[in-house]
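> There's a structure below that I have some questions on.
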2 protein chains.
Amino acid sequence: MIKIDELLKQSGGWLAPGDDNAVVISSRVRLARNLKDCAFPGWAGEEECERIWSDLLPVLRSCKSLSKPLYSGLVDMSVLDKQVLFERHLISREHANKKKGSGIVLRRDENMSVMVNEEDHLRMQAMRPGLELTTCWDKVNELDSEIEQQVRYAFSPKIGYLTACPSNVGTGMRASAMLNVPGLVLMNEINAVVKGMAKIGLAIRGLWGEGSEAAGNMFQVSNQMTLGEKEEDIAENLEQIVLEIVEHEKNARARLTETQENLIRDHVGRAVGILSEAYILSSKEALDLLSDLRLGIDMGILTSVNRRTVDYLILLTQPGHLQKIEGRKLKTKERDSVRARLVRERIRTAIKK
Amino acid sequence: MIKIDELLKQSGGWLAPGDDNAVVISSRVRLARNLKDCAFPGWAGEEECERIWSDLLPVLRSCKSLSKPLYSGLVDMSVLDKQVLFERHLISREHANKKKGSGIVLRRDENMSVMVNEEDHLRMQAMRPGLELTTCWDKVNELDSEIEQQVRYAFSPKIGYLTACPSNVGTGMRASAMLNVPGLVLMNEINAVVKGMAKIGLAIRGLWGEGSEAAGNMFQVSNQMTLGEKEEDIAENLEQIVLEIVEHEKNARARLTETQENLIRDHVGRAVGILSEAYILSSKEALDLLSDLRLGIDMGILTSVNRRTVDYLILLTQPGHLQKIEGRKLKTKERDSVRARLVRERIRTAIKK
């Protein structure tokens, strides 16, 4: 069983702060795989799913790249615990809603995880802080090979790996990067960048995937094509594009410093002020303000708070994490007040140090 | 000559903080008077105005109730200095724009002052912190009597004192009180109160008179009738009405504490946070936030800053005061940044103490 309280003590696989992730928060590559001669999870009955889960679990536990992983059947987990896994990007919202026969296996450092019986039998991912798409590809490729030594995948020599949704057929691969681009937002240049990415076939989403808002100047960019391209090329191409966005963002920040330093100081100062003094904070506002702190730190304006504290708070202020920390279910209004208290305490402590 | 730099060291006649002015910031009574057989200032030529000013100055200087007053011809003052007098409620905007033959005479403590050749030959006022309308009336009445011993007023036995504008004919008296009613604003009850006051013939204006916005939950209420009522009655009636508003406000605050303490704490906390950390502050925002601090202090939520500091800042953050402190003319954008610095420094110092 995965002990969620233990996970809460670490800052997760995607937010673990590095030095070089000022603009690129994290990278992620996932592969969708299915077992030969088994119905896709959506078609399989409960029994078949349970059989698949109990067949796959020992296989996954034996994989060296998962190094003695944690695991749990989703049926054994509370709604709140699954919410925490979702907020840590370890399971999807759809997966959280599945019951018997679905499970999660993950490395203790959260850098790799496998969802069993989500939309496909296997959804494996590698996740790292900073811009590490090719490394993520290498890691998840390694895991994929390990698994393939023990099971037979549904595969067509003509089109590649078969998946439940046609949009994943072929490589079954999705590479994505989470970006923090307050400079482009403040300079009103973000829309042009987003349009440009859409034009070359990339998808833009909020931090928590489809349907989530691109709040706090942060968003995810990912490939949509899974057919007709080699996996290495997908990872490398996206990495190149992300590098260009990083350049744009750095450029915007430089121009901001030059022409509007006071505006940024004001922006960052207000964020510090509100986060240290507010008694009510919505999830969206907290994310926006924490993103402003990140900008201040990256630009050398804010030295009293470090990025680790901020990144950790981005995670801890999510609804599931908050309720888990507080040890009970909280209504939206209660969460807003508990969130404000948590942030207030941590930011004040950081500033005093 | 009035030394504006000296004035800047005191917090003015209307903001001098008392203990009992949580809701009523200050009270003011002014009388409009004109000299018999002289054209009203608007009709009199420059020469006649200059003659009136030099005739009246010694009279006013001799008045005991002004106790060796400061005085200045407006022609001798810079635009900025006049702006400071305006912000301290010692002269009107119209008066500031007059040139030769207009002047100001004031008690050193700023509790009493006389504008010469504004719209009328004499506009004398008494001003005090807190709810002191009847005292203000007594004081200004005393001064009026002193002056009347030396000059002859334009007076009709039938309708009373004659004034340039018919709206002042009769008593020539305007009594007003400045109120701070964040409770009524937060409880959405302010509109009903304002409507009620308008119904019984009172005028509602912003802190700096006609055309100024009722920012920061603060506004002025004053009588409009100057005909057919005795001066004592005008002062007493307004005092009664203000006392009722004070009750409404206290009641609103009590209900707020009971039902929405967190909302107020949030409100006050954010104000503290922004005022201590912002690098750009408009005049309107500063006033709004300082009013929130005042609420926090009055409700016992905010103990690290005292009312004196807040009230003083309300005055010092006004455009004229800011420029005078900074020792130079400032454009709006510069003022916003100088204002933010001044507030930041003073609030931080107050909190550290």
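Simple scheme: letters A, B, ... for chains in structure tokens order, numbers from 1 for residues in each chain, numbers from 1 for ligands in the order shown.
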Considering only C-alpha atoms, tabulate each residue of chain A that lies at most 12 Å from chain B along with its nearest interatomic pair and the corresponding distance in Å to one decimal; arrange the rows by chain and ascending residue number and present them as a tab-separated table.


residue	atom	partner	partner_atom	distance
A:Gln260	CA	B:Tyr279	CA	11.4
A:Glu261	CA	B:Tyr279	CA	9.8
A:Asn262	CA	B:Tyr279	CA	6.3
A:Leu263	CA	B:Ile280	CA	7.3
A:Ile264	CA	B:Tyr279	CA	8.6
A:Arg265	CA	B:Tyr279	CA	6.2
A:Asp266	CA	B:Tyr279	CA	4.3
A:His267	CA	B:Ala278	CA	7.4
A:Val268	CA	B:Ala278	CA	8.2
A:Gly269	CA	B:Glu277	CA	4.6
A:Arg270	CA	B:Ile274	CA	5.2
A:Ala271	CA	B:Ile274	CA	8.1
A:Val272	CA	B:Glu277	CA	7.1
A:Gly273	CA	B:Gly273	CA	3.6
A:Ile274	CA	B:Arg270	CA	5.1
A:Leu275	CA	B:Gly273	CA	7.9
A:Ser276	CA	B:Gly273	CA	6.8
A:Glu277	CA	B:Gly269	CA	4.6
A:Ala278	CA	B:Asp266	CA	4.8
A:Tyr279	CA	B:Asp266	CA	4.2
A:Ile280	CA	B:Asp266	CA	5.9
A:Leu281	CA	B:Asp266	CA	8.9
A:Leu302	CA	B:Glu277	CA	11.4
A:Lys333	CA	B:Asn262	CA	10.6
A:Glu334	CA	B:Asn262	CA	10.5
A:Asp336	CA	B:Asn262	CA	10.5
A:Ser337	CA	B:Asn262	CA	7.9
A:Val338	CA	B:Asn262	CA	11.1
A:Ala340	CA	B:Asp266	CA	9.1
A:Arg341	CA	B:Asp266	CA	10.6
A:Arg344	CA	B:Gly269	CA	10.4
A:Arg348	CA	B:Gly273	CA	11.4

> Applying 8 Å and only C-alpha atoms, which residues near Asn117 of chain A remain after dropping the ones on its own chain fewer than 4 positions away? List them as a list of chain:residue names.

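Residues near the query, excluding close chain neighbours: A:Pro41, A:Cys49, A:Trp53, A:His95, A:Gly101, A:Ser102, A:Gly103, A:His121, A:Leu122.
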
> Give me the residues near Asn237 of chain B as a PyMOL selection string, where near means some atom within 12 Å (using only C-alpha atoms) and where sequence neighbours in that chain fewer than 6 positions away do not count.

chain B and resi 133-134+175-176+200-202+222-223+225+229-231+243-244

> Restricting the output to all heavy atoms, write the selected residues as a compact mmCIF listing (two decimals), in the first residue's frame.


# COMPACT_ATOMS: atom_id res chain seq x y z
N LEU B 133 -19.26 68.94 16.42
CA LEU B 133 -19.92 69.96 15.62
C LEU B 133 -20.36 71.17 16.45
O LEU B 133 -20.19 72.31 16.04
CB LEU B 133 -21.11 69.36 14.86
CG LEU B 133 -20.67 68.52 13.66
CD1 LEU B 133 -21.81 67.63 13.17
CD2 LEU B 133 -20.19 69.42 12.51
N THR B 134 -20.90 70.89 17.63
CA THR B 134 -21.37 72.04 18.43
C THR B 134 -20.18 72.85 18.94
O THR B 134 -20.23 74.08 18.96
CB THR B 134 -22.30 71.60 19.59
OG1 THR B 134 -21.64 70.56 20.32
CG2 THR B 134 -23.60 71.05 19.04
N ALA B 175 -22.14 73.04 8.06
CA ALA B 175 -21.56 72.13 9.05
C ALA B 175 -21.33 70.81 8.36
O ALA B 175 -22.17 70.34 7.59
CB ALA B 175 -22.52 71.95 10.23
N SER B 176 -20.17 70.20 8.60
CA SER B 176 -19.93 68.91 7.95
C SER B 176 -19.11 68.00 8.85
O SER B 176 -18.39 68.44 9.74
CB SER B 176 -19.22 69.12 6.61
OG SER B 176 -17.94 69.67 6.82
N ILE B 200 -33.20 63.60 3.66
CA ILE B 200 -33.44 64.66 4.65
C ILE B 200 -32.59 65.89 4.36
O ILE B 200 -32.33 66.72 5.23
CB ILE B 200 -33.20 64.15 6.10
CG1 ILE B 200 -31.80 63.53 6.23
CG2 ILE B 200 -34.27 63.15 6.48
CD1 ILE B 200 -31.43 63.17 7.65
N GLY B 201 -32.13 66.00 3.11
CA GLY B 201 -31.53 67.25 2.67
C GLY B 201 -30.05 67.41 3.00
O GLY B 201 -29.54 68.51 3.01
N LEU B 202 -29.36 66.30 3.26
CA LEU B 202 -27.92 66.40 3.51
C LEU B 202 -27.16 66.11 2.22
O LEU B 202 -27.63 65.37 1.36
CB LEU B 202 -27.51 65.42 4.60
CG LEU B 202 -28.16 65.65 5.97
CD1 LEU B 202 -27.76 64.57 6.95
CD2 LEU B 202 -27.79 67.04 6.52
N SER B 222 -22.85 66.91 4.93
CA SER B 222 -23.04 68.30 5.36
C SER B 222 -24.46 68.77 5.14
O SER B 222 -25.20 68.21 4.32
CB SER B 222 -22.07 69.21 4.61
OG SER B 222 -22.32 69.15 3.23
N ASN B 223 -24.83 69.82 5.86
CA ASN B 223 -26.16 70.42 5.65
C ASN B 223 -26.17 71.19 4.34
O ASN B 223 -25.13 71.65 3.87
CB ASN B 223 -26.51 71.36 6.81
CG ASN B 223 -25.67 72.63 6.77
OD1 ASN B 223 -24.45 72.55 6.71
ND2 ASN B 223 -26.32 73.78 6.81
N MET B 225 -29.16 73.32 3.80
CA MET B 225 -30.05 74.44 4.13
C MET B 225 -29.28 75.50 4.89
O MET B 225 -28.58 75.22 5.86
CB MET B 225 -31.18 73.95 5.05
CG MET B 225 -32.12 72.98 4.41
SD MET B 225 -33.38 73.86 3.47
CE MET B 225 -34.32 74.58 4.83
N GLU B 229 -33.19 78.27 9.46
CA GLU B 229 -32.82 77.45 10.61
C GLU B 229 -31.81 78.21 11.45
O GLU B 229 -30.97 78.95 10.92
CB GLU B 229 -32.19 76.14 10.15
CG GLU B 229 -33.17 75.02 9.91
CD GLU B 229 -32.46 73.67 9.80
OE1 GLU B 229 -31.79 73.45 8.76
OE2 GLU B 229 -32.54 72.88 10.72
N LYS B 230 -31.84 77.99 12.76
CA LYS B 230 -30.85 78.62 13.62
C LYS B 230 -29.54 77.84 13.54
O LYS B 230 -29.54 76.62 13.41
CB LYS B 230 -31.36 78.64 15.07
CG LYS B 230 -32.28 79.83 15.35
CD LYS B 230 -32.92 79.71 16.72
CE LYS B 230 -31.87 79.93 17.82
NZ LYS B 230 -32.46 79.68 19.15
N GLU B 231 -28.42 78.57 13.69
CA GLU B 231 -27.11 77.93 13.58
C GLU B 231 -26.96 76.77 14.58
O GLU B 231 -26.49 75.69 14.23
CB GLU B 231 -25.97 78.94 13.82
CG GLU B 231 -25.76 79.92 12.69
CD GLU B 231 -26.62 81.18 12.80
OE1 GLU B 231 -27.63 81.17 13.55
OE2 GLU B 231 -26.28 82.17 12.12
N LEU B 243 -24.55 60.83 14.84
CA LEU B 243 -24.56 59.83 15.92
C LEU B 243 -25.33 58.58 15.51
O LEU B 243 -24.95 57.46 15.85
CB LEU B 243 -25.19 60.42 17.19
CG LEU B 243 -24.22 61.19 18.09
CD1 LEU B 243 -24.97 61.82 19.26
CD2 LEU B 243 -23.11 60.26 18.61
N GLU B 244 -26.39 58.79 14.75
CA GLU B 244 -27.16 57.63 14.27
C GLU B 244 -26.33 56.79 13.29
O GLU B 244 -26.35 55.57 13.34
CB GLU B 244 -28.44 58.10 13.58
CG GLU B 244 -29.61 58.21 14.54
CD GLU B 244 -30.85 58.75 13.84
OE1 GLU B 244 -31.25 58.19 12.80
OE2 GLU B 244 -31.40 59.77 14.34

> In Å to one decimal, how far is atom CA of Val29 of chain B from atom CA of Ile4 of chain B?

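Going from atom CA of Ile4 of chain B over to atom CA of Val29 of chain B covers 23.6 Å.
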
> According to DSSP computed on the backbone, where in segment 78-251 of chain A is there strand (DSSP E or B)? Give the residues as a ChimeraX atom specification.

/A:103-106,112-116,122-129,153,155-156,160-161,170,173-180,202-206,209,218-223

> Tell me, as a PyMOL selection string, which residues lie within 9 Å of Lys36 of chain B, counting only C-alpha atoms; anything in the same chain fewer than 6 positions away does not count.

chain B and resi 151-155

> In Å, how far is it from atom CA of Asp233 of chain B to atom CA of Glu87 of chain B?

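Separation between atom CA of Asp233 of chain B and atom CA of Glu87 of chain B: 29.0 Å.
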
> In Å to one decimal, how far is atom CA of Val114 of chain A from atom CA of Met77 of chain A?

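Atom CA of Val114 of chain A lies at a distance of 16.2 Å from atom CA of Met77 of chain A.
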
> Excluding Ser62 of chain A and residues on its chain fewer than 5 positions from it, collect all residues at most 10 Å away from it, counting only C-alpha atoms, and give them as an mmCIF file with N, CA and C atoms, in the first residue's frame.


data_model
loop_
_atom_site.group_PDB
_atom_site.id
_atom_site.type_symbol
_atom_site.label_atom_id
_atom_site.label_comp_id
_atom_site.auth_asym_id
_atom_site.auth_seq_id
_atom_site.Cartn_x
_atom_site.Cartn_y
_atom_site.Cartn_z
ATOM 1 N N LEU A 56 -0.044 -8.197 -13.872
ATOM 2 C CA LEU A 56 0.961 -7.173 -14.166
ATOM 3 C C LEU A 56 1.741 -6.737 -12.927
ATOM 4 N N LEU A 57 1.095 -6.769 -11.762
ATOM 5 C CA LEU A 57 1.752 -6.269 -10.562
ATOM 6 C C LEU A 57 3.112 -6.909 -10.304
ATOM 7 N N SER A 67 12.790 0.212 -9.195
ATOM 8 C CA SER A 67 13.507 -0.053 -7.927
ATOM 9 C C SER A 67 12.605 -0.211 -6.692
ATOM 10 N N LYS A 68 12.109 -1.462 -6.559
ATOM 11 C CA LYS A 68 11.214 -1.816 -5.445
ATOM 12 C C LYS A 68 10.107 -0.779 -5.240
ATOM 13 N N PRO A 69 9.191 -0.730 -6.193
ATOM 14 C CA PRO A 69 8.196 0.349 -6.185
ATOM 15 C C PRO A 69 7.129 0.205 -5.104
ATOM 16 N N GLU A 146 11.969 -3.471 -20.227
ATOM 17 C CA GLU A 146 11.921 -4.428 -19.121
ATOM 18 C C GLU A 146 10.587 -5.155 -19.089
ATOM 19 N N ILE A 147 9.504 -4.371 -19.242
ATOM 20 C CA ILE A 147 8.168 -4.986 -19.193
ATOM 21 C C ILE A 147 7.981 -5.917 -20.393
ATOM 22 N N GLN A 150 8.673 -9.537 -20.387
ATOM 23 C CA GLN A 150 7.821 -10.463 -19.646
ATOM 24 C C GLN A 150 6.396 -10.571 -20.181
#

> Extract, using only C-alpha atoms, all DNA, RNA and protein residues at most 12 Å from Thr226 of chain B, discarding same-chain residues fewer than 4 positions from it, and format them as a list of chain:residue names.

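Here the answer would be B:Arg30, B:Leu31, B:Ala32, B:Ile159, B:Gly160, B:Tyr161, B:Leu162, B:Thr163, B:Cys165, B:Pro166, B:Ser167, B:Asn168, B:Val169, B:Gly170, B:Thr171, B:Gly172, B:Met173, B:Arg174, B:Ala175, B:Gly201, B:Leu202, B:Ser222, B:Lys230, B:Glu231, B:Glu232, B:Asp233, B:Ile234, B:Ala235.
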
> Would you list, as a list in words, the residues of segment 140-219 of chain B that end up in alpha helix (DSSP H) under DSSP run on this structure's backbone?

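Here are the alpha helix (DSSP H) residues of segment 140-219 of chain B: Val140, Asn141, Glu142, Leu143, Asp144, Ser145, Glu146, Ile147, Glu148, Pro182, Gly183, Leu184, Val185, Leu186, Ile190, Asn191, Ala192, Val193, Val194, Lys195, Gly196, Met197, Ala198 and Lys199 of chain B.
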